[in-house]
Amino acid sequence: MQIEYWLEDESGKMVSQVVDIEIEEQASIKELIEKLHEKIGVSMYTELIVDKENIKIYLSHYVKVSPDEHGWGGIDDSSRMIKDFPKFGTNGLLSIYIENGPGLGN
Amino acid sequence: MVPDWVIEYDYHQGLDAKEISFHLEKGINILRIKNFPCEDLNYEKFIQVIGTPVHELRNNNGTGVFDVKVNKKAEAFKSLANSNLSLPLHTDCSDFEKIPDGLGLLCVNNSEQGGESTFAFLKTILQEMNPLQLEGLLDKKWHFRHQQGSIITYEKGEYKIRFDRVLMQSFSNLKNHEIDHLDALGELFEKYKVNMKLEPGDLILFRNDLTLHGREKFPQGEKRLFKRIRFHLK
Ligand SMILES: [Fe+2]
């Protein structure tokens with residue numbers, strides 16, 4: 001299936017792309033997110049330096065739940081099936097925002 | 001005993017929002033309200049009287065409230081706030097274009113061991129800093145991820161601080177001498193660190209641009225829960 005994903009680029013601007021992921025809509029959103037990361041070559045976690053130690057932090061994910069530009073909603077239950085999520089991305093695609101920013105740091 | 005850097009109120013005795021705003025405006029103390037109800041909507045409504053909460057995606061159900069508690073899956077935490085690690089003194093949102101100047105932390109549950117909240121006041125730090133050090137901090141621009149700026153600024157007759165060692169180091173390539181500089185600064189801030197252990201129902205309010213805050217480490221199994229609201233003062 002085709003999905004749209006959003007990621008911050010190096011300048012901090014949110015950019016979107018459409019990718020094709022081999023997955024059934026009956027699969028869980030968790031599985032889709034794992035496959036998405038694999039496909040686009042972005043690690044599932046980032047590392048922060050805290051007191052000279054490296055700490056692993058998972059990137060956060062949000063789904064577009066309304067047509068509003070900022071209409072992102074959290075994923076409370078990652079075992080939910082893909083087909084149960086609303087599709088408010090471009091051309092009616094499922095849209096996922098991968099938060100890789102410093103929000104993870106505090 | 002209430003430390004002299006704390007102004008204490010009791011929710012049951014009624015709160016004067018004007019007085020609270022006045023003290024936050026001055027930004028000299030930490031305000032501690034005892035017996036505050038631990039409920040998101042009421043909490044946010046109260047903050048709305050004194051400021052405008054910042055709505056972030058990761059907050060609880062589109063509110064201004066974020067649950068600071070341990071959230072770990074396998075090897076990784078959901079965020080640094082969602083860890084049990086000690087957080088060195090910092091200001092929040094140092095990479096925001098407009099940094100929220102107010103911060104509220106409502107303790108629903110604290111850890112039995114550790115978990116003390118820590119603070120250092122810019123006013124105290126400035127009193128101890130030599131003029132050359134201060135000049136250096138006003139001049140040197142650092143990367144706060146996509147924002148560039150000084151650690152200390154002077155705006156409208158007032159010094160302000162922004163500092164987040166974790167963010168500054170994790171999201172930019174610092175040179176060795178810059179790391180040494182931040183180490184020295186961190187040590188200086190630590191010298192003026194005071195701490196307080198919050199009890200369930202304690203709400204603390206303070207200035208994010210005039211106070212550094214942090215917390216001590218606590219055991220991972222502890223059910224520590226603080227509710228955080230970042231806000232812009234009215
Ligand atoms: Fe913080």
# chains A, B, ... in the order shown; residues from 1 in each chain; ligands from 1

call {"tool": "select_by_dssp", "arguments": {"residues": "range 12-66 of chain A", "states": "helix (DSSP H, G or I)", "output": "ChimeraX atom specification"}}
result
/A:29-40

call {"tool": "closest_atom_pairs", "arguments": {"of": "chain B", "to": "ligand 1", "cutoff": "9 Å", "atoms": "only C-alpha atoms and all ligand atoms", "output": "Markdown table"}}
result
| residue | atom | partner | partner_atom_place_in_ligand_line | distance |
| --- | --- | --- | --- | --- |
| B:Ala81 | CA | ligand 1 | 1 (Fe) | 7.4 |
| B:Leu87 | CA | ligand 1 | 1 (Fe) | 7.8 |
| B:Leu89 | CA | ligand 1 | 1 (Fe) | 8.2 |
| B:His90 | CA | ligand 1 | 1 (Fe) | 6.4 |
| B:Thr91 | CA | ligand 1 | 1 (Fe) | 6.0 |
| B:Asp92 | CA | ligand 1 | 1 (Fe) | 4.8 |
| B:Cys93 | CA | ligand 1 | 1 (Fe) | 8.0 |
| B:Leu103 | CA | ligand 1 | 1 (Fe) | 8.6 |
| B:Asp164 | CA | ligand 1 | 1 (Fe) | 8.9 |
| B:Asn208 | CA | ligand 1 | 1 (Fe) | 8.7 |
| B:Leu212 | CA | ligand 1 | 1 (Fe) | 8.5 |
| B:His213 | CA | ligand 1 | 1 (Fe) | 6.3 |
| B:Gly214 | CA | ligand 1 | 1 (Fe) | 6.2 |
| B:Arg215 | CA | ligand 1 | 1 (Fe) | 8.6 |
| B:Arg228 | CA | ligand 1 | 1 (Fe) | 8.8 |

call {"tool": "interface_residues", "arguments": {"of": "chain B", "to": "chain A", "cutoff": "6 Å", "atoms": "only C-alpha atoms", "output": "list of chain:residue names"}}
result
B:Ala76, B:Phe77, B:Lys78, B:Ser79, B:Leu80, B:Ala81, B:Val166, B:Ser170

call {"tool": "select_by_dssp", "arguments": {"residues": "range 33-184 of chain B", "states": "strand (DSSP E)", "output": "number ranges by chain"}}
result
B: 33-34, 51-53, 66-68, 72-73, 76-77, 87-90, 102-109, 117-121, 142-144, 147-149, 152-155, 158-161

call {"tool": "closest_residue", "arguments": {"among": "B:Glu19, B:Asp95, B:Glu116, B:Asp67", "to": "Ser150 in chain B", "atoms": "only C-alpha atoms"}}
result
B:Asp95

call {"tool": "residues_around", "arguments": {"residues": "Asp84 in chain A", "least_positions_apart": "2", "cutoff": "12 Å", "atoms": "only C-alpha atoms", "output": "number ranges by chain"}}
result
A: 25-29, 63, 65, 75, 77-82, 86-87, 94

call {"tool": "write_last_selection", "arguments": {"atoms": "N, CA, C and O atoms", "output": "PDB file, in the first residue's frame"}}
result
ATOM      1  N   GLU A  25      -3.620  -4.323   4.859  1.00  0.00           N
ATOM      2  CA  GLU A  25      -4.253  -3.339   5.754  1.00  0.00           C
ATOM      3  C   GLU A  25      -4.739  -3.956   7.065  1.00  0.00           C
ATOM      4  O   GLU A  25      -5.135  -3.256   7.986  1.00  0.00           O
ATOM      5  N   GLN A  26      -4.708  -5.321   7.093  1.00  0.00           N
ATOM      6  CA  GLN A  26      -5.109  -6.000   8.341  1.00  0.00           C
ATOM      7  C   GLN A  26      -3.943  -6.047   9.336  1.00  0.00           C
ATOM      8  O   GLN A  26      -4.132  -6.387  10.493  1.00  0.00           O
ATOM      9  N   ALA A  27      -2.759  -5.708   8.844  1.00  0.00           N
ATOM     10  CA  ALA A  27      -1.591  -5.733   9.738  1.00  0.00           C
ATOM     11  C   ALA A  27      -1.682  -4.572  10.734  1.00  0.00           C
ATOM     12  O   ALA A  27      -2.489  -3.652  10.556  1.00  0.00           O
ATOM     13  N   SER A  28      -0.864  -4.630  11.758  1.00  0.00           N
ATOM     14  CA  SER A  28      -0.914  -3.582  12.787  1.00  0.00           C
ATOM     15  C   SER A  28      -0.134  -2.346  12.332  1.00  0.00           C
ATOM     16  O   SER A  28       0.764  -2.430  11.501  1.00  0.00           O
ATOM     17  N   ILE A  29      -0.476  -1.210  12.922  1.00  0.00           N
ATOM     18  CA  ILE A  29       0.213   0.051  12.603  1.00  0.00           C
ATOM     19  C   ILE A  29       1.675  -0.047  13.039  1.00  0.00           C
ATOM     20  O   ILE A  29       2.563   0.526  12.418  1.00  0.00           O
ATOM     21  N   VAL A  63      -0.491  10.074  13.528  1.00  0.00           N
ATOM     22  CA  VAL A  63      -1.265   9.837  12.305  1.00  0.00           C
ATOM     23  C   VAL A  63      -2.159  11.048  12.072  1.00  0.00           C
ATOM     24  O   VAL A  63      -2.697  11.630  13.012  1.00  0.00           O
ATOM     25  N   VAL A  65      -5.329  12.710  11.632  1.00  0.00           N
ATOM     26  CA  VAL A  65      -6.675  12.271  11.994  1.00  0.00           C
ATOM     27  C   VAL A  65      -7.757  13.273  11.593  1.00  0.00           C
ATOM     28  O   VAL A  65      -8.933  13.095  11.896  1.00  0.00           O
ATOM     29  N   ILE A  75      -0.662   7.676  18.592  1.00  0.00           N
ATOM     30  CA  ILE A  75      -1.084   6.280  18.419  1.00  0.00           C
ATOM     31  C   ILE A  75      -1.096   5.637  19.801  1.00  0.00           C
ATOM     32  O   ILE A  75      -0.058   5.311  20.358  1.00  0.00           O
ATOM     33  N   ASP A  77      -2.674   2.832  20.712  1.00  0.00           N
ATOM     34  CA  ASP A  77      -2.601   1.373  20.676  1.00  0.00           C
ATOM     35  C   ASP A  77      -1.945   0.956  19.362  1.00  0.00           C
ATOM     36  O   ASP A  77      -2.570   0.983  18.306  1.00  0.00           O
ATOM     37  N   SER A  78      -0.684   0.559  19.464  1.00  0.00           N
ATOM     38  CA  SER A  78       0.059   0.273  18.220  1.00  0.00           C
ATOM     39  C   SER A  78      -0.314  -1.088  17.633  1.00  0.00           C
ATOM     40  O   SER A  78       0.142  -1.451  16.552  1.00  0.00           O
ATOM     41  N   SER A  79      -1.187  -1.851  18.325  1.00  0.00           N
ATOM     42  CA  SER A  79      -1.607  -3.138  17.749  1.00  0.00           C
ATOM     43  C   SER A  79      -2.846  -2.958  16.870  1.00  0.00           C
ATOM     44  O   SER A  79      -3.320  -3.897  16.236  1.00  0.00           O
ATOM     45  N   ARG A  80      -3.388  -1.741  16.831  1.00  0.00           N
ATOM     46  CA  ARG A  80      -4.576  -1.476  15.985  1.00  0.00           C
ATOM     47  C   ARG A  80      -4.259  -1.711  14.516  1.00  0.00           C
ATOM     48  O   ARG A  80      -3.144  -1.419  14.052  1.00  0.00           O
ATOM     49  N   MET A  81      -5.238  -2.227  13.792  1.00  0.00           N
ATOM     50  CA  MET A  81      -5.014  -2.516  12.370  1.00  0.00           C
ATOM     51  C   MET A  81      -4.917  -1.230  11.541  1.00  0.00           C
ATOM     52  O   MET A  81      -5.593  -0.241  11.842  1.00  0.00           O
ATOM     53  N   ILE A  82      -4.120  -1.310  10.496  1.00  0.00           N
ATOM     54  CA  ILE A  82      -3.911  -0.139   9.621  1.00  0.00           C
ATOM     55  C   ILE A  82      -5.242   0.381   9.091  1.00  0.00           C
ATOM     56  O   ILE A  82      -5.490   1.579   9.041  1.00  0.00           O
ATOM     57  N   PRO A  86      -7.761   6.657  10.103  1.00  0.00           N
ATOM     58  CA  PRO A  86      -8.284   7.538   9.048  1.00  0.00           C
ATOM     59  C   PRO A  86      -7.206   7.880   8.018  1.00  0.00           C
ATOM     60  O   PRO A  86      -6.014   7.827   8.321  1.00  0.00           O
ATOM     61  N   LYS A  87      -7.647   8.210   6.812  1.00  0.00           N
ATOM     62  CA  LYS A  87      -6.692   8.516   5.734  1.00  0.00           C
ATOM     63  C   LYS A  87      -6.887   9.964   5.290  1.00  0.00           C
ATOM     64  O   LYS A  87      -7.683  10.265   4.420  1.00  0.00           O
ATOM     65  N   LEU A  94      -2.989   7.206   3.917  1.00  0.00           N
ATOM     66  CA  LEU A  94      -2.677   7.261   5.344  1.00  0.00           C
ATOM     67  C   LEU A  94      -1.423   8.122   5.497  1.00  0.00           C
ATOM     68  O   LEU A  94      -0.475   7.983   4.730  1.00  0.00           O
TER      69      LEU A  94
END

call {"tool": "residues_around", "arguments": {"residues": "Glu25 in chain B", "least_positions_apart": "2", "cutoff": "12 Å", "atoms": "only C-alpha atoms", "output": "list in words"}}
result
Ala17, Lys18, Glu19, Ile20, Ser21, Phe22, His23, Gly27, Ile28, Asn29, Ile30, Leu31, Ile50, Gly51, Asp101, Gly102, Glu158, Leu205, Phe206, Arg207, Asn208, Asp209, Leu210, His232, Leu233 and Lys234 of chain B

call {"tool": "atom_distance", "arguments": {"atom1": "CA of Gly201 in chain B", "atom2": "CA of Gly64 in chain B"}}
result
18.3 Å

call {"tool": "atom_distance", "arguments": {"atom1": "CA of Val6 in chain B", "atom2": "CA of Tyr192 in chain B"}}
result
15.2 Å

call {"tool": "residues_around", "arguments": {"residues": "Cys38 in chain B", "least_positions_apart": "6", "cutoff": "10 Å", "atoms": "only C-alpha atoms", "output": "CSV table (one decimal) with N, CA and C atoms, in the first residue's frame"}}
result
chain,number,residue,atom,x,y,z
B,106,LEU,N,3.0,19.6,38.2
B,106,LEU,CA,2.1,19.2,39.2
B,106,LEU,C,2.5,17.7,39.6
B,107,CYS,N,2.8,17.5,40.9
B,107,CYS,CA,3.2,16.2,41.3
B,107,CYS,C,1.9,15.4,41.7
B,108,VAL,N,1.7,14.3,40.9
B,108,VAL,CA,0.6,13.4,41.2
B,108,VAL,C,1.2,12.3,42.2
B,109,ASN,N,2.4,11.9,41.9
B,109,ASN,CA,3.1,10.9,42.7
B,109,ASN,C,4.6,11.1,42.6
B,200,PRO,N,2.7,14.6,46.6
B,200,PRO,CA,1.4,14.6,45.8
B,200,PRO,C,0.6,15.8,46.1
B,201,GLY,N,0.1,16.4,45.0
B,201,GLY,CA,-0.8,17.6,45.1
B,201,GLY,C,0.0,18.9,45.2
B,202,ASP,N,1.3,18.8,45.1
B,202,ASP,CA,2.1,20.1,45.0
B,202,ASP,C,2.2,20.5,43.5
B,203,LEU,N,1.8,21.7,43.3
B,203,LEU,CA,2.0,22.3,42.0
B,203,LEU,C,3.1,23.4,42.1
B,226,PHE,N,4.6,13.4,37.2
B,226,PHE,CA,4.4,14.8,37.2
B,226,PHE,C,3.7,15.3,36.0
B,227,LYS,N,2.8,16.2,36.2
B,227,LYS,CA,2.1,16.8,35.0
B,227,LYS,C,2.6,18.1,34.6

call {"tool": "closest_residue", "arguments": {"among": "A:Lys30, A:Thr90, A:Lys64, A:Met1", "to": "Gln17 in chain A", "atoms": "only C-alpha atoms"}}
result
A:Thr90

call {"tool": "atom_distance", "arguments": {"atom1": "CA of Lys141 in chain B", "atom2": "CA of Ile161 in chain B"}}
result
12.8 Å
